[in-house]
2 protein chains.
Amino acid sequence: MRQLDAIFANPRLRPVLPMLYVAWADGQLTNHELGGIYSQLEPWLTPACKAEIDPWLNPADPPSAIELQQLLGRLRAEAAALSLDARGDLVDLGLELARADADARELEWLGPKVEDALRDLRDALGFMGHDAISEIVPVHVAPAPVIAPAPFDLQLLNRLLDGPYADHKRKIRDGLAELDWGYQYEVSKEDFRGSTTDRVRKLAELGWGAFAFPGVTSDGDLGHFVATFESLGFYDLSLVIKYGVQFGLWGGSVYFLGTEKHHRKYLPRIASMELPGCFAMSELGHGSNVRDVETLVVYDPATDEFVVNTPTESARKEWIGNAARDGQMATVFAQLRVGEHDHGVHAFIVPLRNADGTVVPNVRIEDCGHKVGLNGVDNGKIWFDNLRIPRENMLDRYASVDDNGDYQSPIASSGKRFFTMLGTLVGGRVAVGSAGLAATKSALTIATRYATQRRQFGPNEAAEVPIIQYRSHQLRLLPRIAKTYALSFAFQDLVSEFIGSVDKEDKQELEALAAGLKSYGTWFANETIQECREACGGQGYLSINRFASLREDADIFATFEGDNTVLMQLVAKSRLTTFKNNFSEPGLFGVVRFIARQASAVVTETNPYTSRQTDSAHLRSADLHLAALKYRDDYLTQTLARRFKRRLDDGMTPFDALNDCQDHFLSLAYAHIEFEVYRSFAKAVAEVADPAVRTVLETLRALYGLDCMQQQMGWFMEAGTVEPPKARAIRTEINMICGELAPNARHLVDAFLIPDSLLAAPIAVGGPT
Amino acid sequence: MRQLDAIFANPRLRPVLPMLYVAWADGQLTNHELGGIYSQLEPWLTPACKAEIDPWLNPADPPSAIELQQLLGRLRAEAAALSLDARGDLVDLGLELARADADARELEWLGPKVEDALRDLRDALGFMGHDAISEIVPVHVAPAPVIAPAPFDLQLLNRLLDGPYADHKRKIRDGLAELDWGYQYEVSKEDFRGSTTDRVRKLAELGWGAFAFPGVTSDGDLGHFVATFESLGFYDLSLVIKYGVQFGLWGGSVYFLGTEKHHRKYLPRIASMELPGCFAMSELGHGSNVRDVETLVVYDPATDEFVVNTPTESARKEWIGNAARDGQMATVFAQLRVGEHDHGVHAFIVPLRNADGTVVPNVRIEDCGHKVGLNGVDNGKIWFDNLRIPRENMLDRYASVDDNGDYQSPIASSGKRFFTMLGTLVGGRVAVGSAGLAATKSALTIATRYATQRRQFGPNEAAEVPIIQYRSHQLRLLPRIAKTYALSFAFQDLVSEFIGSVDKEDKQELEALAAGLKSYGTWFANETIQECREACGGQGYLSINRFASLREDADIFATFEGDNTVLMQLVAKSRLTTFKNNFSEPGLFGVVRFIARQASAVVTETNPYTSRQTDSAHLRSADLHLAALKYRDDYLTQTLARRFKRRLDDGMTPFDALNDCQDHFLSLAYAHIEFEVYRSFAKAVAEVADPAVRTVLETLRALYGLDCMQQQMGWFMEAGTVEPPKARAIRTEINMICGELAPNARHLVDAFLIPDSLLAAPIAVGGPT
C-alpha cells in the first residue's frame with residue numbers, strides 16, 4: 001500500500017521524491033532504471049525507509065493516475081514554500097526538500113556524499129539539466145516584452161523607402177483610405193467587374209488617370225503615374241490592373257506609339273474614362289513570342305483603309321483586359337502587309353464597341369471566364385473578320401503608310417523597329433513590379449503584426465510567447481522584410497531611370513533592369529505572400545484576412561507583362577552583349593556577335609583571405625556583399641559565354657546551344673539582378689544621415705546581403721568564394737541579426753505606412769493578451 | 001541612287017550581299033564598321049563596283065525600310081535556288097551566290113583569297129556562327145517529334161505507384177469518373193457546401209464511409225479508407241476534407257478514443273452520414289498547442305454529468321469542419337476537472353444540433369466565413385455555456401470517470417496519456433499527406449500535357465517547338481515528377497506502417513514519419529501546383545483549368561492536421577531521442593534526457609574519394625544518394641545534439657536552447673525525411689522485375705537523389721561530402737537526365753491514370769499543331 005504522507009514524513013526519502021515523480025511521469029519505470037535507483041539509495045536507506053519506498057517502485061504495480069496527481073500536488077505545495085534558485089535542478093530541489101524538514105543531525109547526514117549520490121541517480125535516470133523540474137517548480141520567465149516605441153523615426157524611414165515620390169504616394173494612400181471602399185471578397189465576377197469599373201471612373205474623376213500623359217493632359221507626370229499604380233496595389237490589385245490597362249496600356253500605346261493627331265483625338269477621353277479601351281497584343285498561340293502574332297492587317301489602296309483579320313483560331317486575341325465588358329476601342333498588334341511586302345508587327349486603333357456597349361460589326365468578343373484572381377478585370381478574347389479601319393488609325397510614330405499607299409519607316413531594320421516599338425512599353429513592367437512590391441508589403445505587414453501578437457507554446461508552466469520570438473518565425477519574416485526594403489530602393493532607381501529614358505531611343509539597359517526586377521520582384525511577392533499566409537496559420541486562410549486576394553491576384557504578375565522565365569533569359573542575353581539594339585530579340589544575333597569577346601575575358605580570381613574571414617564586422621560589410629554578388633554576376637557571365645561558344649564551335653545551332661545552357665542563363669540573370677538590387681540598397685543606405693535610421697537600414701542591408709549569399713551558398717562554395725567556416729559563420733550571423741531585429745519587427749513594417757483601412761480586418765489572435 | 005538590280009548583276013559584289021543585308025538589319029552601320037567593309041573589299045573592287053556599292057554603304061543615308069525589304073526578298077529568292085548546306089554561314093552563302101552567276105574566268109577569281117577576305121569581313125562585322133544567315137536561308141529543322149508510344153508498360157508502372165491498394169484506388173477513381181459530378185468553380189459558398197454535403201452522402205450510400213471502421217462496419221478496412229481519401233483528391237479537395245471530417249475525424253475519434261458502447265451507438269449512423277459530426281479540437285487561442293486548450297469539462301457528481309464551458313473568448317472552438325452547417329454532434333477536446341483535480345485534455349461527445357438542424361440550447365455556433373479555398377467545407381466556431389452531457393459521453397478508452405465519480409486511467413502519467421490519445425489520430429496526417437500527393441499529381445499531369453502540346457519560339461523561321469523541349473521547362477517539371485514518384489513509394493510505406501500499428505501503443509516512429517511526410521509532401525504540393533500554374537502561363541490562370549482550386553484548397557494542408565513548421569520540429573526532436581513516450585511532447589523531457597548520448601556519438605567521416613568522383617554511373621547510383629542523404633541526417637543529428645547540450649551546459653533554459661537551435665532542428669527534420677523518402681523509393685525500385693519499367697524508375701530515382709543533393713549543395717560542400725568538380729557534374733547530370741526523360745514526360749504523368757473527366761478541360765494550347 002502506497003502512503004504519500006509516510007514518504008514525505010521520512011527525511012531520508014524526501015531528497016529522492018522529485019525524481020520519483022519525474023521517473024513515473026516521464027513514462028514507466030523499467031527494471032533497469034529501478035536497479036539504478038536502489039543502488040544509489042542503498043547507502044542511506046534504513047529498512048524502514050525501504051519498506052516505505054518499495055511500493056512506489058514496483059514496475060508490476062505502478063502508481064495510478066490519481067496517485068501520481070497527488071504526488072505532484074504535494075511536491076508542488078512543498079516546493080512553493082521553498083525559496084529555490086530558478087536555475088536549480090532535481091538534485092537541488094531534493095536537497096532543499098530534505099533540509100526543510102530536517103533537524104541538525106540529519107543536516108549533517110545531508111552532506112556532499114548524499115549530494116553526489118543524488119547527482120549520480122539523476123544521471124542514471126537520464127535526467128539532465130533543469131527541464132525535468134519545471135513541472136514541479138514553475139520556471140519564472142519574464143513576460144514577453146511589450147513592443148517598445150520605435151528607436152528610429154518611422155516617418156523618415158518611410159520617406160526613404162518611398163523615395164522621390166513619397167509625398168505623392170502618401171497622397172494616393174490617404175486618398176484611397178478616404179474613399180473607404182472596403183475590402184471585397186466573396187463577390188460575384190459580374191459585381192466585382194462592375195465595382196472595379198466604377199472605381200476606375202472615380203479615379204479618373206480625381207484626375208489620377210491624367211498622370212499618364214505628360215505634355216498632353218495637365219497633371220501629366222510619369223513618375224506620379226507609376227507611383228499611383230504602385231500605391232493602388234495597397235488596396236486592390238484588380239483595381240490596379242484595370243487602371244493600368246486603361247491608362248498605361250491602352251492610353252500608353254496611343255501616347256507612345258501614336259503621334260499628335262492620335263494624342264489630340266483620344267488621350268483626353270482616355271484619361272477621363274469616357275473611352276475605355278484595350279491593349280490587344282497577346283494571342284492564343286503567341287504570348288511570349290509577340291513577333292510571331294498572326295493577326296493580319298492588310299492595306300487596301302482601293303479604299304485607303306486597313307483590313308483586320310484573325311486568320312486562324314490561334315490568332316484570336318486572348319487575355320485582353322477591358323475586352324469582355326467595357327472596352328470601346330483597342331490598340332491591336334498585327335502583322336502589316338502593304339502590297340506584296342510583310343513589314344512585321346505594327347499597332348492599330350480598332351473599334352470594338354459602340355458607346356451603348358454593343359459590339360461593332362465584324363468583331364466578335366467572348367469572355368475569358370473566371371480566373372484564379374483579378375476577377376474585377378474583364379479579360380476577353382477577340383476575333384476580327386474583315387474589319388475595315390481608316391488609314392489614320394495606324395499608330396504611326398515608328399512606321400506609316402503614306403498618302404501614296406507606300407510603307408514608310410524611319411527605322412529601316414524590321415527587327416530594330418519591332419524592338420523600338422516594344423521598348424516604349426517598358427513602363428508596364430516597371431509599374432507591375434512596383435505594384436507587386438506593394439502587395440508584398442501588405443502581406444508582410446499583416447503577418448508581422450500577427451506574429452507580434454499571437455502567442456503559442458512557451459517554457460513549461462509559463463506564459464506562452466509571441467511567435468515572433470521563435471527563431472524559425474524570425475527566419476520566415478525578417479529576411480523577407482530586408483529584401484522588401486532592398487527592392488524598394490531598387491525600384492526607386494528603376495523608376496528614375498525609366499522617367500529619364502522616355503525620350504531616349506536606346507533603352508537596352510533599362511529594359512534589362514525592368515525585365516529582371518519585374519521577375520525577381522513578382523516571384524518574391526508570390527513566395528512571400530504564401531509564406532505570410534502560412535505564418536498566420538488558419539487565420540491566414542480566412543478570406544477576410546486578405547491573403548486570398550493578395551495571392552490569387554499577384555500570382556499572374558509572374559506571367560503577364562512578360563513571363564518571368566522568358567524575361568530572365570532576356571536579362572542574361574543582355575549581359576552577354578553590349579550591342580545596343582539586340583536586347584529583347586528572341587533571335588541571337590547580338591549574343592552570337594559579342595559572345596567571343598566575353599568568352600575570352602579573364603575570370604576574376606577569388607580572394608583566398610576573405611573566403612575564410614568570419615568576423616561580424618566583415619560579414620555585415622557592404623564591401624563583402626558587393627564583392628561576392630559582383631563576382632558571381634561576372635563569373636557566370638564569362639563562363640556562360642565560354643560554354644555557349646564551345647557549343648557553337650562544336651557545330652550546335654545557336655538555338656540548341658542556348659537551350660543547352662538555359663539553366664546557366666537563368667542563374668546568371670538572377671545573379672545579375674540580385675547584384676543590382678543590393679547595389680541600389682547599399683547606395684541608398686550610405687547616403688542616410690540620421691544615425692538611428694541608418695543603423696537599422698545597415699542591419700537590414702547586411703541581412704539582405706547575407707541572405708543572398710546563403711541562398712546561393714552551394715555556388716559560392718563551389719567557386720571558392722566562401723569556405724566552410726565562413727558558411728557556418730554566415731548562418732550564425734543571419735540568426736543573430738534576426739534576433740536583433742525581431743523586437744522592432746513591427747516598426748519595420750509599420751514604416752510602410754499602409755493605412756489600417758487598406759489592410760485586412762485585424763486578425764483574431766486569441767490567447768491571453 | 002541605290003540600284004538593287006545592279007549590285008546583284010555584278011559578280012564581284014554578289015559575295016558580300018548577304019553580309020550587306022545582315023549589317024543593316026542588325027542595326028545601323030557605324031563608320032567604324034564601314035571602314036572594315038571597305039578595307040576588305042578593296043583588293044577586288046573595280047571603280048565600277050565601288051560606284052554601285054557606295055550608295056548602300058552610306059551611314060548618313062541608310063537604306064529605307066522598303067529597300068531593306070527588297071534586298072532581303074531578292075536574297076531569299078536567289079538563295080532558294082541554291083543547294084546550300086544547312087550548316088553554311090554568310091561566307092558560304094556569299095560564295096554560292098557568286099558562283100551561281102559567274103563564268104569560268106570569275107570562278108578562278110573566286111579563289112581561297114576571296115574566301116579568306118570574306119571570312120575576315122564576317123569577323124570584322126562581328127557575325128559569328130551561322131545564326132546570322134537564318135533570316136535569309138531558313139534553317140531546316142526536323143519538326144518536333146510526335147510523342148512516341150511509351151517504351152514501358154503504363155499499367156504496370158501505375159500498379160507500382162499505387163502499391164498494395166492499386167485495385168481499390170482504381171475502383172475509386174473510376175467510380176468518381178462515373179459519378180461524373182463535373183468540376184465546379186465560380187459557385188457560391190452556400191451552393192458549394194450544399195453540393196459537397198450531398199456528395200458525401202452519396203459516398204456514404206456507396207459504402208465508402210464504412211471503410212473507416214474495421215471490426216464495426218462491414219467493409220471496414222483502414223487501408224481502403226486511406227486509399228479512398230487519397231483518390232478523392234483527384235477530384236475535389238473540399239469533398240476530400242468533408243469526407244475526412246465525417247469519417248476520419250468525427251468517426252475516427254469515436255472509433256479510436258471510444259469504447260464498444262460508443263461504437264455501437266454512433267458508428268453505423270456516422271458511416272451512413274445519418275449523423276454528421278465534428279472534431280472540435282482547435283481553439284482560437286490554441287491551434288498547435290493542443291495541450292493547453294481552455295475548454296473546460298467539469299464532472300458534476302450531483303447529477304453524474306459533465307458540464308461543458310467555454311471559459312474565455314480564446315477558448316472558443318475554431319475552424320471546426322462540419323460545424324457551420326451540418327454537424328449534429330462533435331467530439332470535443334477539453335480540460336477535464338474531477339473534484340479538485342485537473343486531469344488534462346480528454347474527449348467528449350457533445351450534441352450541437354437537433355436532427356432538424358436547429359442548434360441545441362447552451363451551444364452557440366458561428367460560420368468561420370469565406371476562405372482561400374475548401375469553401376465546400378462548412379467550418380465554424382463553437383461556444384459552450386454550461387452544456388450538460390451524460391457521463392457516458394466521455395470517450396473512455398484511455399481514461400474514465402467511474403460509477404463512484406472517481407477518475408480512472410490505465411495510463412498514470414498525464415503526459416503519456418495525452419500523447420497516446422493524440423497518437424490514435426495519426427491517420428489524419430497519413431491521409432492528408434496522401435491527398436496532397438494526389439493534388440500534386442493532378443497539377444503535374446495538366447502542366448506536362450500542356451508542355452508537350454504548347455509550342456513557343458524556335459529556331460528562326462522554323463516551326464516553334466513544344467515547350468517541354470526547353471531545358472528550363474524540363475527543369476521545372478521533371479525533378480518534380482521524380483519527387484512525386486518518390487513520395488508515392490514513401491506514402492505506401494507510411495500507410496503500411498500505419499495499418500500495421502493500429503493496435504500498438506508505441507507509435508513514435510510512425511508519428512514522426514507521418515508528421516514529416518505530411519509536411520514535406522504538402523509543402524511540395526503547394527510549391528508544385530504554383531510552378532505548374534506558371535508553367536501553363538495565362539491558361540493556367542483560368543479557373544476552368546483547375547489550378548485555382550488545386551492551389552487554394554491544398555494551401556491549408558500545410559497548416560491543418562498540424563502546422564508543418566511545428567511538425568518538423570517534432571520530427572527533429574524524435575531524432576534526438578530514442579525514448580519511446582516522448583514524441584510529440586512540446587516539453588523537452590525526452591530530448592534533454594537522451595541528448596547527451598547523441599552528443600557524444602562520433603560524427604561520421606566523409607569519404608574523400610567519393611567526394612570527387614564524377615562519373616555518370618556513380619552519380620546515378622543509389623549507393624551515392626543513400627550515403628549522402630544518410631550522412632546528412634546523422635551529421636545534423638549529432639551536431640544538433642552537441643549544439644543543444646552546449647547551450648544547456650552554459651545555463652540556457654531548454655526552451656531558449658531549443659529556440660536558439662531552431663533552424664538546425666528544421667534542417668535536421670528535412671534531411672531525415674528526405675532520406676526516408678529516398679530509401680522507400682530505392683527499395684521499391686530495386687524490387688522491380690520488368691526491365692523497361694525498372695529502367696525508367698531508376699532514372700527517376702537518380703534524378704530525385706541528385707536533385708535532393710543539388711538543393712542542399714551548400715551543406716554538402718560545407719560538410720566536405722561534395723567537392724566543386726562533383727557539384728558541377730551533378731548539375732550536368734541533372735540536365736542530362738531531364739533531357740533523357742523529356743520525350744517520355746507525358747507517359748510519366750499518364751501513368752498516374754487520372755481519368756480525363758477528373759482533370760481540367762483540356763487547356764487551349766494554340767499555335768500550329
# chains A, B, ... in the order shown; residues from 1 in each chain; ligands from 1
call {"tool": "select_by_dssp", "arguments": {"residues": "segment 120-284 of chain B", "states": "strand (DSSP E)", "output": "list in words"}}
result
Gly277, Cys278, Phe279 and Ala280 of chain B
call {"tool": "closest_residue", "arguments": {"among": "A:Asp120, A:Ala210, A:Ala628, A:Ser272", "to": "Gln712 of chain A", "atoms": "only C-alpha atoms"}}
result
A:Ala628
call {"tool": "closest_residue", "arguments": {"among": "B:Asp304, B:Asp623, B:Glu527, B:Asp180", "to": "chain A", "atoms": "only C-alpha atoms"}}
result
B:Glu527
call {"tool": "residues_around", "arguments": {"residues": "Leu422 of chain B", "least_positions_apart": "6", "cutoff": "12 Å", "atoms": "only C-alpha atoms", "output": "list in words"}}
result
Leu249, Gly252, Ser253, Phe256, Leu257, Met281, Val290, Arg291, Phe333, Val345, His346, Ala347, Tyr398, Gly415, Lys416, Gly428, Arg429, Glu505, Lys507, Gln508, Glu511, Glu561, Gly562, Phe583, Ser584 and Glu585 of chain B
call {"tool": "select_by_dssp", "arguments": {"residues": "segment 186-325 of chain A", "states": "helix (DSSP H, G or I)", "output": "PyMOL selection string"}}
result
chain A and resi 189-205+210-212+222-232+237-257+260-271+290-292+313-315
call {"tool": "atom_distance", "arguments": {"atom1": "atom CA of Gln184 of chain B", "atom2": "atom CA of Gly182 of chain A"}}
result
28.1 Å
call {"tool": "residues_around", "arguments": {"residues": "Asn526 of chain A", "least_positions_apart": "2", "cutoff": "12 Å", "atoms": "only C-alpha atoms", "output": "NGL selection string"}}
result
(:A and (433 or 436-441 or 443-444 or 480 or 519-524 or 528-533 or 547-559)) or (:B and (526-527 or 530-531 or 534))
call {"tool": "write_last_selection", "arguments": {"atoms": "C-alpha atoms", "output": "PDB file, in the first residue's frame"}}
result
ATOM      1  CA  GLY A 433       6.896  45.208 -60.472  1.00  0.00           C
ATOM      2  CA  GLY A 436       3.862  43.556 -56.752  1.00  0.00           C
ATOM      3  CA  LEU A 437       6.087  45.130 -54.153  1.00  0.00           C
ATOM      4  CA  ALA A 438       3.092  46.877 -52.616  1.00  0.00           C
ATOM      5  CA  ALA A 439       1.342  43.512 -52.320  1.00  0.00           C
ATOM      6  CA  THR A 440       4.438  42.098 -50.646  1.00  0.00           C
ATOM      7  CA  LYS A 441       4.418  44.957 -48.159  1.00  0.00           C
ATOM      8  CA  ALA A 443       1.363  40.657 -46.718  1.00  0.00           C
ATOM      9  CA  LEU A 444       4.397  41.260 -44.537  1.00  0.00           C
ATOM     10  CA  ARG A 480      11.875  38.911 -46.415  1.00  0.00           C
ATOM     11  CA  SER A 519      10.609  38.961 -62.487  1.00  0.00           C
ATOM     12  CA  TYR A 520      12.715  38.936 -59.350  1.00  0.00           C
ATOM     13  CA  GLY A 521      10.184  41.101 -57.519  1.00  0.00           C
ATOM     14  CA  THR A 522       6.997  39.330 -58.576  1.00  0.00           C
ATOM     15  CA  TRP A 523       8.366  35.861 -57.864  1.00  0.00           C
ATOM     16  CA  PHE A 524       9.374  37.185 -54.480  1.00  0.00           C
ATOM     17  CA  THR A 528       6.304  35.923 -49.632  1.00  0.00           C
ATOM     18  CA  ILE A 529       2.531  36.142 -49.693  1.00  0.00           C
ATOM     19  CA  GLN A 530       2.385  32.348 -49.406  1.00  0.00           C
ATOM     20  CA  GLU A 531       4.887  32.307 -46.557  1.00  0.00           C
ATOM     21  CA  CYS A 532       2.927  35.038 -44.772  1.00  0.00           C
ATOM     22  CA  ARG A 533      -0.309  33.118 -45.230  1.00  0.00           C
ATOM     23  CA  PHE A 547      -4.109  36.654 -48.222  1.00  0.00           C
ATOM     24  CA  ALA A 548      -6.645  35.038 -50.525  1.00  0.00           C
ATOM     25  CA  SER A 549      -6.881  38.026 -52.820  1.00  0.00           C
ATOM     26  CA  LEU A 550      -3.275  39.081 -52.411  1.00  0.00           C
ATOM     27  CA  ARG A 551      -2.004  35.735 -53.561  1.00  0.00           C
ATOM     28  CA  GLU A 552      -4.610  34.991 -56.187  1.00  0.00           C
ATOM     29  CA  ASP A 553      -4.271  38.435 -57.733  1.00  0.00           C
ATOM     30  CA  ALA A 554      -0.489  38.767 -57.577  1.00  0.00           C
ATOM     31  CA  ASP A 555       0.029  35.255 -58.948  1.00  0.00           C
ATOM     32  CA  ILE A 556      -0.341  36.269 -62.583  1.00  0.00           C
ATOM     33  CA  PHE A 557       2.219  39.056 -62.176  1.00  0.00           C
ATOM     34  CA  ALA A 558       4.747  36.270 -62.802  1.00  0.00           C
ATOM     35  CA  THR A 559       3.217  35.713 -66.219  1.00  0.00           C
TER      36      THR A 559
ATOM     37  CA  ASN B 526       1.886  23.813 -52.787  1.00  0.00           C
ATOM     38  CA  GLU B 527       5.135  24.660 -54.452  1.00  0.00           C
ATOM     39  CA  GLN B 530       2.249  27.029 -58.179  1.00  0.00           C
ATOM     40  CA  GLU B 531       5.100  26.050 -60.501  1.00  0.00           C
ATOM     41  CA  GLU B 534       3.169  29.338 -64.006  1.00  0.00           C
TER      42      GLU B 534
END
call {"tool": "closest_residue", "arguments": {"among": "A:Leu82, A:Ala617, A:Met709, A:Leu542", "to": "chain B", "atoms": "only C-alpha atoms"}}
result
A:Leu542
call {"tool": "atom_distance", "arguments": {"atom1": "atom CA of Ser488 of chain B", "atom2": "atom CA of Leu161 of chain B"}}
result
5.9 Å
call {"tool": "closest_residue", "arguments": {"among": "A:Leu20, A:Ala702, A:Ala98, A:Val495", "to": "Pro62 of chain A", "atoms": "only C-alpha atoms"}}
result
A:Leu20
call {"tool": "closest_residue", "arguments": {"among": "B:His262, B:Arg694, B:Arg122, B:Arg632", "to": "chain A", "atoms": "only C-alpha atoms"}}
result
B:Arg122
call {"tool": "closest_residue", "arguments": {"among": "A:Ala65, A:Ala515, A:Ala399, A:Met568", "to": "chain B", "atoms": "only C-alpha atoms"}}
result
A:Ala65
call {"tool": "atom_distance", "arguments": {"atom1": "atom CA of Arg449 of chain B", "atom2": "atom CA of Arg746 of chain B"}}
result
6.0 Å
call {"tool": "residues_around", "arguments": {"residues": "Gln69 of chain A", "least_positions_apart": "2", "cutoff": "10 Å", "atoms": "only C-alpha atoms", "output": "PyMOL selection string"}}
result
(chain A and resi 21+25+63-67+71-75) or (chain B and resi 341-343+412-414)
call {"tool": "residues_around", "arguments": {"residues": "Trp383 of chain A", "least_positions_apart": "2", "cutoff": "7 Å", "atoms": "only C-alpha atoms", "output": "list of chain:residue names"}}
result
A:Thr310, A:Arg316, A:Lys317, A:Val363, A:Arg364, A:Ile365, A:Lys381, A:Asp385
call {"tool": "write_last_selection", "arguments": {"atoms": "C-alpha atoms", "output": "PDB file, in the first residue's frame"}}
result
ATOM      1  CA  THR A 310      -7.993  36.806 -87.430  1.00  0.00           C
ATOM      2  CA  ARG A 316      -7.536  35.144 -81.679  1.00  0.00           C
ATOM      3  CA  LYS A 317      -6.635  37.900 -79.254  1.00  0.00           C
ATOM      4  CA  VAL A 363     -15.796  41.906 -84.392  1.00  0.00           C
ATOM      5  CA  ARG A 364     -16.572  39.010 -82.057  1.00  0.00           C
ATOM      6  CA  ILE A 365     -15.791  39.089 -78.333  1.00  0.00           C
ATOM      7  CA  LYS A 381     -10.977  37.051 -76.459  1.00  0.00           C
ATOM      8  CA  ASP A 385     -13.419  39.286 -89.637  1.00  0.00           C
TER       9      ASP A 385
END
call {"tool": "residues_around", "arguments": {"residues": "Asp707 of chain A", "least_positions_apart": "3", "cutoff": "12 Å", "atoms": "only C-alpha atoms", "output": "count of residues only"}}
result
33
call {"tool": "decode", "arguments": {"residues": "segment 360-367 of chain A", "atoms": "all heavy atoms", "output": "mmCIF file, in the first residue's frame"}}
result
data_model
loop_
_atom_site.group_PDB
_atom_site.id
_atom_site.type_symbol
_atom_site.label_atom_id
_atom_site.label_comp_id
_atom_site.auth_asym_id
_atom_site.auth_seq_id
_atom_site.Cartn_x
_atom_site.Cartn_y
_atom_site.Cartn_z
ATOM 1 N N VAL A 360 -19.271 46.170 -82.287
ATOM 2 C CA VAL A 360 -19.376 46.635 -83.672
ATOM 3 C C VAL A 360 -19.391 45.435 -84.630
ATOM 4 O O VAL A 360 -18.913 44.352 -84.278
ATOM 5 C CB VAL A 360 -18.219 47.597 -84.047
ATOM 6 C CG1 VAL A 360 -18.192 48.800 -83.117
ATOM 7 C CG2 VAL A 360 -16.884 46.868 -84.028
ATOM 8 N N PRO A 361 -19.903 45.622 -85.825
ATOM 9 C CA PRO A 361 -19.898 44.520 -86.790
ATOM 10 C C PRO A 361 -18.470 44.086 -87.133
ATOM 11 O O PRO A 361 -17.542 44.872 -87.010
ATOM 12 C CB PRO A 361 -20.580 45.135 -88.030
ATOM 13 C CG PRO A 361 -21.296 46.347 -87.543
ATOM 14 C CD PRO A 361 -20.547 46.844 -86.364
ATOM 15 N N ASN A 362 -18.326 42.856 -87.557
ATOM 16 C CA ASN A 362 -17.038 42.277 -87.947
ATOM 17 C C ASN A 362 -16.076 42.033 -86.782
ATOM 18 O O ASN A 362 -14.904 41.730 -86.987
ATOM 19 C CB ASN A 362 -16.323 43.130 -89.019
ATOM 20 C CG ASN A 362 -17.194 43.363 -90.229
ATOM 21 O OD1 ASN A 362 -18.049 44.258 -90.226
ATOM 22 N ND2 ASN A 362 -17.031 42.532 -91.242
ATOM 23 N N VAL A 363 -16.599 42.219 -85.583
ATOM 24 C CA VAL A 363 -15.796 41.906 -84.392
ATOM 25 C C VAL A 363 -16.592 40.931 -83.538
ATOM 26 O O VAL A 363 -17.817 41.058 -83.423
ATOM 27 C CB VAL A 363 -15.501 43.182 -83.564
ATOM 28 C CG1 VAL A 363 -14.861 42.820 -82.220
ATOM 29 C CG2 VAL A 363 -14.601 44.125 -84.339
ATOM 30 N N ARG A 364 -15.901 39.923 -82.988
ATOM 31 C CA ARG A 364 -16.572 39.010 -82.057
ATOM 32 C C ARG A 364 -15.770 39.023 -80.757
ATOM 33 O O ARG A 364 -14.534 39.010 -80.789
ATOM 34 C CB ARG A 364 -16.597 37.604 -82.654
ATOM 35 C CG ARG A 364 -17.324 36.580 -81.794
ATOM 36 C CD ARG A 364 -17.793 35.404 -82.666
ATOM 37 N NE ARG A 364 -16.660 34.685 -83.242
ATOM 38 C CZ ARG A 364 -16.070 33.621 -82.681
ATOM 39 N NH1 ARG A 364 -16.509 33.172 -81.519
ATOM 40 N NH2 ARG A 364 -15.055 33.020 -83.270
ATOM 41 N N ILE A 365 -16.465 39.059 -79.640
ATOM 42 C CA ILE A 365 -15.791 39.089 -78.333
ATOM 43 C C ILE A 365 -16.392 38.021 -77.434
ATOM 44 O O ILE A 365 -17.608 37.847 -77.403
ATOM 45 C CB ILE A 365 -15.952 40.481 -77.661
ATOM 46 C CG1 ILE A 365 -15.322 41.566 -78.546
ATOM 47 C CG2 ILE A 365 -15.302 40.481 -76.273
ATOM 48 C CD1 ILE A 365 -15.436 42.971 -77.980
ATOM 49 N N GLU A 366 -15.525 37.297 -76.739
ATOM 50 C CA GLU A 366 -16.015 36.363 -75.714
ATOM 51 C C GLU A 366 -15.294 36.638 -74.410
ATOM 52 O O GLU A 366 -14.163 37.130 -74.400
ATOM 53 C CB GLU A 366 -15.747 34.909 -76.136
ATOM 54 C CG GLU A 366 -16.758 34.359 -77.111
ATOM 55 C CD GLU A 366 -16.486 32.900 -77.467
ATOM 56 O OE1 GLU A 366 -15.718 32.235 -76.728
ATOM 57 O OE2 GLU A 366 -17.012 32.454 -78.497
ATOM 58 N N ASP A 367 -15.952 36.272 -73.350
ATOM 59 C CA ASP A 367 -15.373 36.418 -72.013
ATOM 60 C C ASP A 367 -14.341 35.302 -71.794
ATOM 61 O O ASP A 367 -14.595 34.150 -72.135
ATOM 62 C CB ASP A 367 -16.530 36.275 -70.999
ATOM 63 C CG ASP A 367 -16.141 36.721 -69.601
ATOM 64 O OD1 ASP A 367 -14.938 36.723 -69.281
ATOM 65 O OD2 ASP A 367 -17.074 37.061 -68.828
#
